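Asks: Right, I'll just put the structure down here and ask away after.
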Amino acid sequence: MTTVVTLFGVALVVFVVIRLAPGDPIAMMLPPGADAEDMARLRAAYGLDRSVPEQFLIWLGGVVRGDFGTSISLRQDVGALVLDRLPATLELALLALAIAVAIGTTLAVIGTLRRQRPAESAVDLWNGMTLSIPDFLWGLIFILLFGVVVPLFPVSGRISPALDPDYATGFLLVESLLRLDLRVTGDLLHHMALPALALALPLSAVIAQVLKQSLKEVMHLDYVTLARAKGYSEIAVLFREALRNAVLPTLTLVGVQFTFLIGGTVIVEKLFSYGGLGNLAIDAVINRDLPLIQGIVLLFAVLFIATNLIVDLAYAALNPRLRHG
Amino acid sequence: MVRLWLAGGWLALLLVAAVFAPWIAPQDPLAQDLFLERLPPVWAEGHEPGYYLGTDSLGRDVLSRLIHGARIALIVAILAGGAAALIGSVLGLLAGYMGGWTDRVIGRVIDVWMSFPPVLFAILLVAVLGTGLHSVIIAIAVIDWTRFARVIRAETLAQSRMDYVASAVVIGRSRLGILATEVVPNVLPTILVLLSLEMGIAVIVEAILSFVNLSISSDDPTWGGMIAEGRTQIHFAPWVLVAPMVALFFTVLAFSQFGEGLKDRIDPVLR
């Protein structure tokens with residue numbers, strides 16, 4: 001119920017805000033010198049001649065039935081356009097999440113095993129730096145370092161045009177893996193590496209910090225001492241006992257932070273000319289394509305809310321205190 | 001302690017550069033000269049005297065644009081950060097102290113606000129408000145007040161359960177009086193720490209908006225605009241990209257380290 005209220009609020013805010021926009025999308029569509037009658041006809045065709053509350057209700061009625069309207073600048077169905085770009089953004093965001101979890105966990109484990117040694121200070125210093133530098137700057141740094149100084153990675157696009165496959169779904173990475181089309185997989189990963197890493201670094205620092213803190217607390221508890229007394233090595237204790245119990249606070253935080261990461265895809269996709277939702281969104285705003293902007297922002301809101309829901313469910317599944325309840 | 005001084009030093013340097021930009025900058029930041037295009041920095045072969053960090057593809061002096069860009073960055077940081085802090089803190093204080101339906105309404109608005117991807121929201125707002133520095137500042141304040149509101153609400157909630165607030169109620173002080181003279185001074189340090197972080201965010205958002213060409217006109221020297229120009233020249237004149245990137249990097253790092261350093265100094269538990 002709260003979710004529905006939030007979504008309705010998002011839809012309303014977006015709708016009202018973009019209708020305050022100066023600039024007439026219809027005037028931008030027609031060649032200069034089009035007569036007033038043509039403009040009126042086109043405006044009626046897009047429903048822009050009605051009052052704003054009326055437009056909102058018509059649009060909302062359509063959304064409930066799965067009809068998001070027609071893009072003004074691209075003249076295609078908004079639902080289809082957005083769903084066409086969604087897989088690219090989802091794959092990028094999830095790859096970034098996986099990288100962030102891998103780096104963050106590794107750093108937290110190193111910091112915990114090497115407590116009060118130079119390695120821990122190094123981990124803290126690195127975290128402090130990665131945390132304060134946003135994805136946009138990391139993207140630029142990587143473009144410069146690995147695109148120009150040592151050109152190891154491509155710095156624009158999702159896939160080499162020559163390899164662009166004719167797949168059934170837009171989830172190219174997943175589908176190429178399932179089809180064992182490894183050349184395509186490799187090329188996709190090659191293109192995604194830098195933008196995904198740029199998105200992942202700030203999140204990895206958050207994970208490392210919080211997980212390290214909770215590991216530190218857990219490593220002093222009785223059951224960990226017991227495991228040590230039984231003769232388990234420090235590494236075994238950490239992986240078999242401590243990690244499982246320290247992961248909960250991190251999980252909640254990762255949920256919130258992952259929504260920031262999804263938001264970050266907008267500018268990182270632009271930076272790397274990656275053909276996802278973010279790039280589509282920026283073009284839509286610049287073209288004042290009202291139906292398209294509405295559709296994209298609503299989809300982002302759904303992604304944000306879905307993420308929080310998944311985290312809540314995962315938390316309940318992992319927390320023994322909430323189980324069997 | 002060290003990082004507080006380092007960060008503060010960089011920010012002070014930036015402030016001096018911003019205030020005295022017209023006197024410090026060696027060249028006119030807008031002057032184009034096609035005979036001087038893509039000059040390398042002073043330590044490289046083929047440089048011209050007076051153009052210390054080289055020139056861009058229109059022959060404009062990179063260092064002078066960088067110095068004038070600091071002006072725009074700091075104006076946005078101070079005004080947008082300040083406005084976001086003011087709106088967010090007032091709403092956070094009200095929600096945390098009044099409770100009840102005030103808290104519920106403000107909490108719901110925060111939830112809706114945070115369901116927008118911030119960068120997309122900023123681009124949308126600037127498109128609506130029209131490009132220009134004032135739009136950038138309004139957009140940042142309108143989006144980022146939630147960062148203050150959420151934290152200050154929680155902090156106020158904790159403070160208003162403290163004994164000193166209860167004693168003030170007992171001696172018959174008014175609710176607003178208690179909020180202003182007892183609670184506000186105790187959440188002020190948190191507001192200052194958040195403000196420092198927010199100023200760093202504002203600088204980045206301004207750079208992003210001018211990168212997608214939605215800030216002030218693309219002729220005016222902004223770090224984001226320089227980055228956008230540098231991104232296209234990356235293979236011919238990498239210094240055009242490197243200079244504003246380095247400035248942005250240190251400025252963002254300085255604001256966040258200044259905030260962290262402040263937190264360590266202010267928080268009695270950590271001291």
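All residue names refer to the structure tokens as shown: chains lettered A, B, ... in order, residues numbered from 1 in each chain, ligands numbered from 1 in order.
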Can you pull out every residue within 9 Å of Gly82 in chain B, counting only C-alpha atoms, but drop anything in the same chain fewer than 4 positions away, and send it as a count of residues only?

Replies: 8

Asks: If we count only C-alpha atoms, what is near Gln257 in chain A at a cut-off of 12 Å, once residues fewer than 3 positions away on the same chain are taken out, given as a PyMOL selection string?

Replies: (chain A and resi 93+96-97+100-101+131+199-207+250-254+260-264+304+307-308+311) or (chain B and resi 114+117)

Asks: Distance cut-off 6 Å, counting only C-alpha atoms - which residues of chain A neighbour chain B? Return them as JSON, numbers by chain.

Replies: {"A": [6, 10, 21, 132, 263, 301, 304]}

Asks: Measuring atom to atom with only C-alpha atoms, identify which of A:Leu303, A:Leu238, A:Leu74, A:Leu292 is nearest to Lys212 in chain A.

Replies: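 Answer, going by the shortest atom-to-atom distance: A:Leu238.
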
Asks: Please measure the separation of CA of Trp59 in chain A and CA of Ile72 in chain A, giving the value in Å to one decimal.

Replies: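 Value for the CA of Trp59 in chain A-CA of Ile72 in chain A distance: 14.4 Å.
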
Asks: Applying 8 Å and only C-alpha atoms, which residues near Leu30 in chain B remain after dropping the ones on its own chain fewer than 4 positions away? List them as a list of chain:residue names.

Replies: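 Final neighbour list, sorted by chain and number: B:Arg60, B:Arg65, B:Asp219, B:Asp220, B:Pro221.
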
Asks: Step one, run DSSP on the backbone; step two, keep only residues of range 16-199 of chain A assigned to alpha helix (DSSP H); then write them as a PyMOL selection string.

Replies: chain A and resi 16-19+25-29+36-45+52-64+78-113+118-132+135-142+172-178+182-199

Asks: Using CA of Gln76 in chain A and CA of Arg158 in chain A as the two end points, give the distance in Å to one decimal.

Replies: 22.2 Å

Asks: Please indicate the distance in Å from CA of Arg147 in chain B to CA of Asn245 in chain A, rounded to one decimal place.

Replies: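 Taking CA of Arg147 in chain B and CA of Asn245 in chain A, their separation equals 29.5 Å.
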
Asks: Leaving out Leu144 in chain A and any residue of its chain fewer than 4 positions from it, which residues lie within 12 Å of it when counting only C-alpha atoms, given as a count of residues only?

Replies: 31
